[in-house]
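J.: Sharing protein09.txt (compact mmCIF, C-alpha atoms) below.
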```txt
# COMPACT_ATOMS: atom_id res chain seq x y z
CA MET A 1 0.00 0.00 0.00
CA PRO A 2 1.65 3.27 -1.12
CA THR A 3 2.35 6.03 1.36
CA ILE A 4 2.52 9.75 0.66
CA LEU A 5 4.56 11.88 3.05
CA ASP A 6 5.62 15.50 3.07
CA LEU A 7 9.27 14.94 3.99
CA HIS A 8 10.19 18.55 4.76
CA SER A 9 8.25 20.87 7.05
CA HIS A 10 8.87 23.32 9.87
CA SER A 11 6.62 24.01 12.83
CA GLU A 12 6.81 26.81 15.38
CA ALA A 13 9.67 24.89 17.00
CA SER A 14 11.82 26.38 14.22
CA GLU A 15 12.67 30.03 14.80
CA ASP A 16 11.46 31.13 11.38
CA SER A 17 8.09 29.34 11.35
CA ARG A 18 4.84 30.23 13.07
CA ALA A 19 2.93 27.09 12.16
CA PRO A 20 1.51 24.95 14.98
CA VAL A 21 1.64 21.22 14.20
CA GLU A 22 -2.07 20.86 14.94
CA ALA A 23 -2.88 23.59 12.41
CA TYR A 24 -0.92 21.65 9.75
CA LEU A 25 -2.89 18.50 10.49
CA ASN A 26 -6.21 20.30 10.51
CA TRP A 27 -5.34 21.96 7.19
CA ILE A 28 -4.60 18.58 5.62
CA ARG A 29 -7.72 16.97 7.10
CA LEU A 30 -9.90 19.67 5.59
CA ARG A 31 -8.29 19.20 2.15
CA ARG A 32 -8.00 15.46 1.75
CA GLN A 33 -9.01 15.63 -1.92
CA GLN A 34 -6.25 18.04 -2.90
CA LEU A 35 -3.68 16.83 -0.35
CA PRO A 36 -3.94 13.04 -0.05
CA LEU A 37 -1.14 12.85 2.50
CA ASP A 38 -0.65 10.01 4.95
CA GLY A 39 1.67 12.11 7.05
CA ILE A 40 4.24 14.80 7.48
CA VAL A 41 7.82 14.83 8.68
CA LEU A 42 8.85 17.71 10.90
CA THR A 43 12.40 18.77 10.02
CA GLU A 44 13.09 21.57 12.46
CA HIS A 45 16.11 23.77 11.80
CA ARG A 46 19.39 22.89 13.54
CA GLN A 47 17.84 20.95 16.39
CA TRP A 48 16.59 17.62 17.61
CA ASN A 49 14.06 17.37 20.40
CA PRO A 50 13.64 13.74 21.46
CA SER A 51 10.86 14.60 23.90
CA SER A 52 8.36 16.20 21.54
CA ASP A 53 5.44 13.83 21.22
CA TYR A 54 2.67 14.17 18.63
CA ARG A 55 0.87 10.86 19.18
CA ALA A 56 -2.27 12.51 20.56
CA LEU A 57 -2.48 14.72 17.46
CA GLU A 58 -1.86 11.73 15.19
CA ASP A 59 -4.79 9.94 16.80
CA LYS A 60 -7.03 12.98 16.64
CA TYR A 61 -6.38 13.76 12.96
CA GLN A 62 -5.43 10.28 11.68
CA ILE A 63 -2.33 11.73 10.05
CA MET A 64 1.17 10.46 10.77
CA VAL A 65 3.71 12.87 12.28
CA LEU A 66 7.34 11.78 12.07
CA LYS A 67 10.39 13.70 13.26
CA ALA A 68 13.69 14.42 11.53
CA ALA A 69 15.99 17.46 11.37
CA GLU A 70 17.34 19.97 8.87
CA VAL A 71 21.00 20.71 9.52
CA GLU A 72 23.53 23.00 7.83
CA THR A 73 26.82 21.72 6.45
CA ASP A 74 29.79 22.74 4.36
CA TYR A 75 27.80 21.48 1.34
CA GLY A 76 24.51 23.20 2.21
CA HIS A 77 21.38 22.14 4.05
CA MET A 78 20.56 18.49 4.62
CA LEU A 79 17.68 16.50 6.09
CA VAL A 80 18.62 13.86 8.63
CA PHE A 81 16.12 11.01 8.95
CA GLY A 82 16.30 8.43 11.71
CA VAL A 83 17.93 10.68 14.29
CA ASN A 84 18.71 8.72 17.44
CA ASP A 85 20.72 9.32 20.61
CA ASP A 86 23.96 8.23 18.93
CA ILE A 87 23.52 10.67 16.05
CA ALA A 88 22.36 13.51 18.30
CA SER A 89 25.36 13.14 20.58
CA ARG A 90 27.81 12.67 17.71
CA PHE A 91 26.87 15.94 15.93
CA ASP A 92 26.10 19.42 17.22
CA PHE A 93 23.06 20.27 15.12
CA ALA A 94 23.45 23.98 15.94
CA ASN A 95 26.77 24.04 14.09
CA VAL A 96 26.07 25.56 10.68
CA TYR A 97 29.32 24.19 9.23
CA LEU A 98 28.90 20.48 9.86
CA PRO A 99 31.21 18.36 7.69
CA ALA A 100 28.82 16.93 5.09
CA GLN A 101 30.74 13.79 4.14
CA GLU A 102 31.27 12.84 7.76
CA LEU A 103 27.61 13.49 8.50
CA ILE A 104 26.44 11.30 5.61
CA ASP A 105 28.75 8.42 6.52
CA GLU A 106 28.26 8.54 10.25
CA VAL A 107 24.49 8.90 10.12
CA ALA A 108 24.34 5.89 7.79
CA ARG A 109 26.56 3.91 10.15
CA MET A 110 24.31 4.81 13.07
CA GLY A 111 21.13 3.74 11.30
CA GLY A 112 19.84 6.90 9.63
CA ILE A 113 20.05 8.57 6.24
CA VAL A 114 20.98 12.06 5.08
CA VAL A 115 19.13 13.66 2.18
CA PRO A 116 20.53 16.98 0.91
CA CYS A 117 17.61 19.37 0.49
CA HIS A 118 16.85 22.10 -2.08
CA PRO A 119 20.09 21.22 -3.91
CA GLY A 120 19.42 23.82 -6.58
CA ARG A 121 19.29 26.72 -4.13
CA PRO A 122 22.11 29.27 -4.18
CA ASN A 123 24.66 29.04 -1.38
CA VAL A 124 22.88 26.34 0.62
CA GLY A 125 22.33 23.75 -2.11
CA LEU A 126 24.53 20.92 -3.36
CA PHE A 127 24.54 22.13 -6.97
CA GLU A 128 26.51 25.27 -6.22
CA HIS A 129 28.95 23.47 -3.91
CA TYR A 130 29.62 20.86 -6.59
CA GLN A 131 30.82 23.65 -8.90
CA ARG A 132 33.91 24.15 -6.75
CA LYS A 133 34.29 21.04 -4.59
CA PRO A 134 34.36 17.29 -5.23
CA ALA A 135 31.03 15.45 -5.28
CA LEU A 136 30.03 13.75 -2.04
CA ASP A 137 30.15 9.97 -1.73
CA ASN A 138 27.32 7.77 -0.54
CA VAL A 139 24.49 10.17 -1.35
CA ILE A 140 21.46 8.04 -2.18
CA ALA A 141 18.80 10.69 -2.62
CA VAL A 142 18.37 14.44 -2.75
CA GLU A 143 15.27 16.57 -2.52
CA GLY A 144 14.19 16.93 -6.13
CA LEU A 145 11.08 18.96 -5.48
CA ASN A 146 11.02 21.65 -2.83
CA GLY A 147 7.88 23.73 -2.27
CA GLY A 148 9.88 26.78 -1.20
CA SER A 149 12.04 26.93 -4.28
CA ARG A 150 12.30 29.99 -6.42
CA LYS A 151 12.30 29.95 -10.20
CA GLY A 152 15.09 27.77 -11.56
CA GLU A 153 16.01 26.08 -8.28
CA ASN A 154 14.05 22.85 -8.78
CA GLU A 155 15.32 22.80 -12.37
CA ARG A 156 18.91 22.91 -11.15
CA SER A 157 18.06 20.11 -8.72
CA ALA A 158 16.74 18.04 -11.62
CA GLU A 159 19.96 18.65 -13.53
CA LEU A 160 21.99 17.44 -10.56
CA ILE A 161 19.82 14.35 -10.14
CA ALA A 162 20.18 13.45 -13.80
CA LYS A 163 23.94 13.92 -13.73
CA PHE A 164 24.64 11.91 -10.59
CA GLY A 165 21.80 9.38 -10.72
CA TYR A 166 20.41 10.30 -7.32
CA LYS A 167 16.95 9.27 -6.21
CA ALA A 168 14.57 12.21 -5.74
CA THR A 169 12.27 13.08 -2.87
CA GLY A 170 9.75 15.88 -2.46
CA GLY A 171 8.83 18.12 0.43
CA SER A 172 6.97 21.36 0.94
CA ASP A 173 9.62 23.05 3.13
CA SER A 174 6.54 24.64 4.65
CA HIS A 175 6.94 27.36 7.26
CA LEU A 176 3.28 28.44 6.95
CA VAL A 177 0.16 26.37 7.52
CA SER A 178 -1.27 26.92 4.03
CA LEU A 179 1.88 25.56 2.35
CA ILE A 180 1.98 22.14 4.00
CA GLY A 181 1.91 19.16 1.67
CA LEU A 182 2.23 21.08 -1.59
CA CYS A 183 5.20 18.90 -2.48
CA ALA A 184 5.59 15.39 -1.10
CA THR A 185 7.01 11.93 -1.75
CA ARG A 186 5.04 8.88 -2.85
CA PHE A 187 6.54 5.62 -1.56
CA GLU A 188 5.65 2.24 -3.03
CA ALA A 189 5.70 0.65 0.41
CA GLU A 190 3.63 1.21 3.49
CA ILE A 191 5.35 3.43 6.04
CA LYS A 192 4.27 3.56 9.66
CA THR A 193 7.42 4.50 11.55
CA ILE A 194 10.62 6.47 11.13
CA GLU A 195 12.46 3.15 10.78
CA ASP A 196 10.19 2.25 7.85
CA LEU A 197 10.92 5.64 6.32
CA VAL A 198 14.71 5.29 6.63
CA ARG A 199 14.56 1.79 5.13
CA GLU A 200 12.45 2.95 2.19
CA LEU A 201 14.58 6.03 1.53
CA LYS A 202 17.51 3.67 1.05
CA THR A 203 15.63 1.48 -1.44
CA GLY A 204 14.83 4.20 -3.93
CA ASN A 205 11.24 3.06 -4.50
CA TYR A 206 9.66 6.50 -4.40
CA GLU A 207 9.11 9.64 -6.39
CA PRO A 208 8.35 13.29 -5.71
CA VAL A 209 4.73 14.39 -6.16
CA ASP A 210 3.54 17.90 -6.81
CA PHE A 211 0.24 19.11 -5.34
CA ARG A 212 0.82 22.78 -6.02
CA PRO A 213 -2.22 24.34 -7.70
CA LYS A 214 -1.60 25.09 -11.34
CA ARG A 215 -1.64 28.77 -12.06
CA PRO A 216 -3.99 29.78 -14.85
CA GLN A 217 -2.19 30.63 -18.06
CA VAL A 218 -2.57 34.30 -18.84
CA ARG A 219 -2.38 35.00 -22.56
CA ARG A 220 0.01 37.70 -23.47
CA ALA A 221 -1.56 40.60 -25.30
CA GLU A 222 -0.89 40.44 -29.02
CA PRO A 223 0.46 43.63 -30.53
CA VAL A 224 -2.21 45.21 -32.65
CA GLU A 225 -1.27 45.83 -36.26
CA GLU A 226 -1.31 49.48 -37.03
CA SER A 227 -3.73 49.00 -39.90
CA GLU A 228 -6.18 47.07 -37.65
CA HIS A 229 -5.85 49.69 -34.98
CA ARG A 230 -6.94 52.34 -37.40
CA GLY A 231 -9.94 50.23 -38.22
CA MET B 1 30.56 29.06 14.81
CA VAL B 2 29.65 32.53 16.01
CA ASP B 3 31.89 33.65 18.86
CA TYR B 4 30.38 35.50 21.84
CA ASP B 5 30.59 35.63 25.61
CA PRO B 6 27.92 33.23 26.99
CA ALA B 7 27.56 35.53 30.01
CA LEU B 8 25.68 37.93 27.70
CA ILE B 9 22.69 35.63 27.58
CA GLY B 10 19.99 36.49 30.08
CA LYS B 11 21.80 39.45 31.61
CA VAL B 12 19.37 42.38 32.00
CA PHE B 13 21.05 45.43 30.51
CA GLU B 14 18.27 47.96 30.78
CA ILE B 15 15.21 48.71 32.93
CA THR B 16 13.08 51.66 31.86
CA GLU B 17 11.31 54.16 34.06
CA PRO B 18 7.63 53.24 34.66
CA VAL B 19 5.08 54.68 32.27
CA THR B 20 1.59 55.23 33.70
CA VAL B 21 -1.16 54.08 31.37
CA THR B 22 -3.99 56.60 31.11
CA PRO B 23 -7.50 56.08 29.69
CA GLU B 24 -6.59 58.65 27.08
CA MET B 25 -3.61 56.61 25.87
CA ILE B 26 -5.85 53.58 25.35
CA ARG B 27 -8.54 55.70 23.69
CA ASN B 28 -6.01 57.29 21.33
CA PHE B 29 -4.57 53.88 20.43
CA CYS B 30 -8.05 52.52 19.63
CA GLU B 31 -8.94 55.57 17.56
CA ALA B 32 -5.70 55.40 15.61
CA LEU B 33 -6.30 51.74 14.73
CA GLY B 34 -10.06 51.96 14.23
CA GLU B 35 -10.58 49.58 17.14
CA THR B 36 -14.24 49.51 18.19
CA ASN B 37 -14.41 46.48 20.48
CA PRO B 38 -16.43 47.68 23.52
CA LEU B 39 -14.07 45.82 25.88
CA TYR B 40 -11.50 48.48 24.99
CA THR B 41 -13.68 51.49 24.23
CA ASP B 42 -16.92 51.44 26.26
CA GLU B 43 -16.55 51.77 30.02
CA GLN B 44 -20.05 50.49 30.77
CA ALA B 45 -19.87 47.47 28.47
CA ALA B 46 -16.37 46.64 29.69
CA LYS B 47 -17.58 46.61 33.30
CA ASN B 48 -19.86 43.71 32.40
CA GLY B 49 -17.12 41.96 30.41
CA PRO B 50 -14.54 39.36 31.49
CA TYR B 51 -12.05 41.95 32.82
CA GLY B 52 -14.50 44.02 34.89
CA GLY B 53 -13.41 47.25 33.22
CA ILE B 54 -11.62 48.76 30.27
CA VAL B 55 -8.40 47.05 29.22
CA ALA B 56 -6.00 47.97 26.44
CA PRO B 57 -6.04 45.97 23.19
CA PRO B 58 -3.21 43.41 23.28
CA ALA B 59 -1.19 45.22 20.61
CA PHE B 60 -1.02 48.25 22.92
CA ALA B 61 1.95 46.47 24.50
CA ILE B 62 4.15 47.41 21.55
CA THR B 63 3.71 51.14 22.19
CA PHE B 64 6.11 51.07 25.16
CA ARG B 65 9.52 52.22 24.08
CA ASN B 66 12.87 50.86 25.04
CA GLY B 67 15.30 53.13 26.83
CA ARG B 68 18.00 55.17 25.20
CA HIS B 69 20.70 52.59 25.94
CA PHE B 70 18.81 49.77 24.25
CA PHE B 71 20.52 49.80 20.88
CA GLN B 72 24.01 50.40 22.31
CA ASN B 73 23.71 47.16 24.25
CA ILE B 74 22.79 44.87 21.41
CA PRO B 75 25.79 42.71 20.49
CA ARG B 76 26.86 43.29 16.89
CA PHE B 77 28.47 40.92 14.44
CA GLY B 78 29.87 41.53 11.00
CA ARG B 79 29.53 44.54 8.77
CA SER B 80 25.85 45.36 8.73
CA GLY B 81 22.47 44.33 10.01
CA PHE B 82 18.80 45.13 10.22
CA ASP B 83 15.68 44.61 12.31
CA ALA B 84 14.40 41.15 11.34
CA GLY B 85 11.05 41.38 13.11
CA LYS B 86 9.38 40.97 16.45
CA ASP B 87 7.44 38.29 18.27
CA VAL B 88 5.04 39.48 20.95
CA GLU B 89 3.54 37.26 23.61
CA PHE B 90 0.61 38.84 25.43
CA VAL B 91 0.48 37.52 28.98
CA SER B 92 -2.05 39.60 30.92
CA PRO B 93 -4.19 42.66 30.13
CA ILE B 94 -2.94 46.20 30.58
CA ARG B 95 -5.38 48.48 32.44
CA PRO B 96 -5.66 52.22 32.93
CA GLY B 97 -3.53 53.19 35.91
CA ASP B 98 -0.98 50.43 35.34
CA GLN B 99 2.63 51.50 35.58
CA VAL B 100 4.57 49.58 32.98
CA THR B 101 8.32 49.02 32.88
CA LEU B 102 10.45 47.18 30.34
CA ASN B 103 13.50 45.17 31.19
CA SER B 104 15.65 43.96 28.34
CA SER B 105 18.19 41.19 28.01
CA VAL B 106 19.82 39.16 25.26
CA LYS B 107 17.73 36.01 24.94
CA GLU B 108 19.57 34.16 22.22
CA ILE B 109 22.38 34.42 19.66
CA TYR B 110 22.49 31.97 16.77
CA GLU B 111 23.89 31.59 13.30
CA LYS B 112 22.26 30.27 10.17
CA THR B 113 22.94 30.07 6.46
CA GLY B 114 20.61 30.95 3.62
CA ARG B 115 20.46 31.85 -0.06
CA SER B 116 22.32 35.08 0.58
CA GLY B 117 25.07 33.72 2.85
CA SER B 118 25.75 33.44 6.57
CA MET B 119 23.79 35.41 9.12
CA VAL B 120 23.98 35.91 12.87
CA PHE B 121 20.72 36.56 14.71
CA VAL B 122 20.54 38.31 18.06
CA VAL B 123 17.24 38.05 19.92
CA VAL B 124 16.67 40.69 22.62
CA ARG B 125 13.74 40.06 24.94
CA SER B 126 11.95 43.00 26.54
CA THR B 127 9.68 41.92 29.36
CA LEU B 128 6.86 44.31 30.27
CA LYS B 129 5.72 44.28 33.88
CA ASN B 130 3.13 46.28 35.76
CA GLN B 131 3.50 47.93 39.19
CA ARG B 132 2.57 44.64 40.90
CA GLY B 133 5.46 42.86 39.19
CA GLU B 134 3.11 40.89 36.94
CA VAL B 135 4.36 40.20 33.43
CA VAL B 136 1.99 41.74 30.89
CA ALA B 137 3.94 40.88 27.74
CA HIS B 138 7.21 39.67 26.26
CA ILE B 139 8.56 41.29 23.12
CA ASP B 140 11.36 39.46 21.28
CA HIS B 141 13.26 41.80 18.96
CA ARG B 142 15.17 39.86 16.31
CA PHE B 143 18.19 41.54 14.72
CA MET B 144 20.05 40.04 11.79
CA HIS B 145 23.72 40.68 11.10
CA ARG B 146 25.69 39.66 8.03
CA ALA B 147 28.47 37.34 9.18
```
Would you mind writing the structure in this file as structure tokens?
T.:
Amino acid sequence: MPTILDLHSHSEASEDSRAPVEAYLNWIRLRRQQLPLDGIVLTEHRQWNPSSDYRALEDKYQIMVLKAAEVETDYGHMLVFGVNDDIASRFDFANVYLPAQELIDEVARMGGIVVPCHPGRPNVGLFEHYQRKPALDNVIAVEGLNGGSRKGENERSAELIAKFGYKATGGSDSHLVSLIGLCATRFEAEIKTIEDLVRELKTGNYEPVDFRPKRPQVRRAEPVEESEHRG
Amino acid sequence: MVDYDPALIGKVFEITEPVTVTPEMIRNFCEALGETNPLYTDEQAAKNGPYGGIVAPPAFAITFRNGRHFFQNIPRFGRSGFDAGKDVEFVSPIRPGDQVTLNSSVKEIYEKTGRSGSMVFVVVRSTLKNQRGEVVAHIDHRFMHRA
């Protein structure tokens, strides 16, 4: 049974978001047709809080809430899935210059997986770092579709994915309630826990999905021939 | 990592003189914003309301000004910076006759990276208290500096 998860979201626990987790879940519940999500993953900036517990909200809204982290490295921002005590004590998530290769290798060794996010974004994305530094080893997947991307950023991510053969995920990178779930990842397998998610991210059996509303095409005005204009 | 003296965090660097809240100040605030809620504007209706009298609208808390040493005491990093916004937590209502003071301290210093490069954020918390020592609001001023 396939599972659709928004793999990248920020709640009010992140300093630059004002979105309560319950408001995210209520938003999704009220829009099941447009946002057929099974759950969200909270990826708070530069932190890991093992004590936050969303089980009561999961029960109330029947939407899964998993926890991960977005950290900052010498190759840009990265999502860490499967954070555990070993990983949290091995790395200082507040350090904005974490060594990316070490993070990827160590997190994998300790049972998690690192997914570089918004790789097409200037300064904090893999694409730009690859222009002047060697490519990272052991990257399985990157975020191919990011809901917060500006024009050209997801396109650069696609270029990187094609060049290096990475698997692609999707996430909204939502900091506001109304943006949750607009980009997500569809997994072939059923996912119920963070362990399931880590396992499936390593398999590659998933694809990014785009739930952003299509903007209506506005026809450009045709220049009026001078003769027509004169009537 | 951003380098700063950890002793800065939490140390109160300024306490303002008390400002007495008058009915006129609340009335002027409401008129300026077009606020018509009777809890803030109608003495009689407010008496029968949950606060037993006129209170100021929550946003009135932001009208109290920091002291003249406020900006000199904000730690600075890098070449330039700007005001990156405020978060206000309203704790209890402000009433006419209240004497409000602000005390300010550095709440947090952190670094982050974004599209435009590295940034250092300094969060200064001003806590507003009334003459009974009750907290009426917290205002977190966020300042961004280019690292």
J.: When you get a sec, could you note down which chain B residues fall within 9 Å of chain A, using only C-alpha atoms, as a ChimeraX atom specification?
T.: /B:1,110-118
J.: Which centre and edge lengths in Å to one decimal define the box along x, y and z that fits every listed atom of stretch 112-130 of chain A plus 6 Å per side, as JSON?
T.:
```
{"center_x": 23.2, "center_y": 18.1, "center_z": 1.3, "size_x": 24.8, "size_y": 34.4, "size_z": 28.6}
```
J.: Set the distance at 12 Å and use only C-alpha atoms: which residues neighbour B:Gly53 once local chain neighbours fewer than 3 positions away are removed? I'd like the list as a PyMOL selection string.
T.: chain B and resi 23+38-50+56+93-97
J.: Using all atoms listed in the file, which residues sit within 9 Å of B:Phe60 once same-chain residues fewer than 6 positions away are excluded, as JSON, numbers by chain?
T.: {"B": [26, 29, 30, 94]}
J.: What does the distance from atom CA of B:His141 to atom CA of B:Lys129 come to in Å, to one decimal?
T.: 16.9 Å
J.: Quick one: residues within 6 Å of stretch 12-14 of chain B, all atoms listed in the file counted, chain neighbours fewer than 5 positions away excluded, as a tab-separated table (two decimals) with C-alpha atoms, in the coordinates of the input?
T.:
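Output file around_36.tsv is given in full below:
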```
chain	number	residue	atom	x	y	z
B	103	ASN	CA	13.50	45.17	31.19
B	104	SER	CA	15.65	43.96	28.34
B	105	SER	CA	18.19	41.19	28.01
```
J.: So which residues fall inside 12 Å of (-2.6, 25.6, -7.7) if we count only C-alpha atoms? Mind giving them as a ChimeraX atom specification?
T.: /A:34-35,147,178-179,182-183,210-217
J.: Could you give me, as a list in words, the residues within 10 Å of B:Gly133, counting all atoms listed in the file and dropping anything in the same chain fewer than 2 positions from it?
T.: Gln99, Val100, Thr101, Leu128, Lys129, Asn130, Gln131, Val135 and Val136 of chain B
J.: What separation in Å, quoted to one decimal, exists between atom CA of A:Tyr54 and atom CA of A:Leu201?
T.: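 Separation of atom CA of A:Tyr54 and atom CA of A:Leu201: 22.4 Å.
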J.: For atom CA of A:Ile4 and atom CA of A:Leu136, determine how far apart the two atoms are, in Å to one decimal place.
T.: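 Calculated distance between atom CA of A:Ile4 and atom CA of A:Leu136 is 27.9 Å.
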J.: A:Ser89: which residues within 12 Å, counting all atoms listed in the file, same-chain residues fewer than 5 positions away excluded, as a JSON list (two decimals) with C-alpha atoms, keeping the file's coordinate frame?
T.:
```
[["chain", "number", "residue", "atom", "x", "y", "z"],
["A", 47, "GLN", "CA", 17.84, 20.95, 16.39],
["A", 48, "TRP", "CA", 16.59, 17.62, 17.61],
["A", 50, "PRO", "CA", 13.64, 13.74, 21.46],
["A", 83, "VAL", "CA", 17.93, 10.68, 14.29],
["A", 84, "ASN", "CA", 18.71, 8.72, 17.44],
["A", 94, "ALA", "CA", 23.45, 23.98, 15.94],
["A", 106, "GLU", "CA", 28.26, 8.54, 10.25],
["A", 107, "VAL", "CA", 24.49, 8.90, 10.12],
["A", 110, "MET", "CA", 24.31, 4.81, 13.07]]
```
J.: Between B:Glu31, B:Ser92, B:Ile109, B:Leu102, which has the minimum distance to B:Glu134 (counting all atoms listed in the file)?
T.: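 Selected residue with least distance to B:Glu134: B:Ser92.
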J.: Please determine, counting only C-alpha atoms, which residue among A:Phe127, A:Tyr166, A:Phe91, A:Phe81 has the shortest atom-to-atom distance to A:Arg199.
T.: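 Residue with the minimum atom-to-atom distance to A:Arg199: A:Phe81.
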J.: Got a sec to check which residues sit within 10 Å of (21.9, 42.4, 12.8), counting all atoms listed in the file, and write them as a list in words?
T.: Ile74, Pro75, Arg76, Phe77, Gly78, Arg79, Ser80, Gly81, Phe82, Asp83, Ala84, Met119, Val120, Phe121, Val122, Val123, Arg142, Phe143, Met144, His145, Arg146 and Ala147 of chain B
J.: Could the residues in this selection be written to a file with C-alpha atoms, as a compact mmCIF listing (two decimals), keeping the file's coordinate frame?
T.:
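Ended up saving to selection_35.txt:
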```txt
# COMPACT_ATOMS: atom_id res chain seq x y z
CA ILE B 74 22.79 44.87 21.41
CA PRO B 75 25.79 42.71 20.49
CA ARG B 76 26.86 43.29 16.89
CA PHE B 77 28.47 40.92 14.44
CA GLY B 78 29.87 41.53 11.00
CA ARG B 79 29.53 44.54 8.77
CA SER B 80 25.85 45.36 8.73
CA GLY B 81 22.47 44.33 10.01
CA PHE B 82 18.80 45.13 10.22
CA ASP B 83 15.68 44.61 12.31
CA ALA B 84 14.40 41.15 11.34
CA MET B 119 23.79 35.41 9.12
CA VAL B 120 23.98 35.91 12.87
CA PHE B 121 20.72 36.56 14.71
CA VAL B 122 20.54 38.31 18.06
CA VAL B 123 17.24 38.05 19.92
CA ARG B 142 15.17 39.86 16.31
CA PHE B 143 18.19 41.54 14.72
CA MET B 144 20.05 40.04 11.79
CA HIS B 145 23.72 40.68 11.10
CA ARG B 146 25.69 39.66 8.03
CA ALA B 147 28.47 37.34 9.18
```
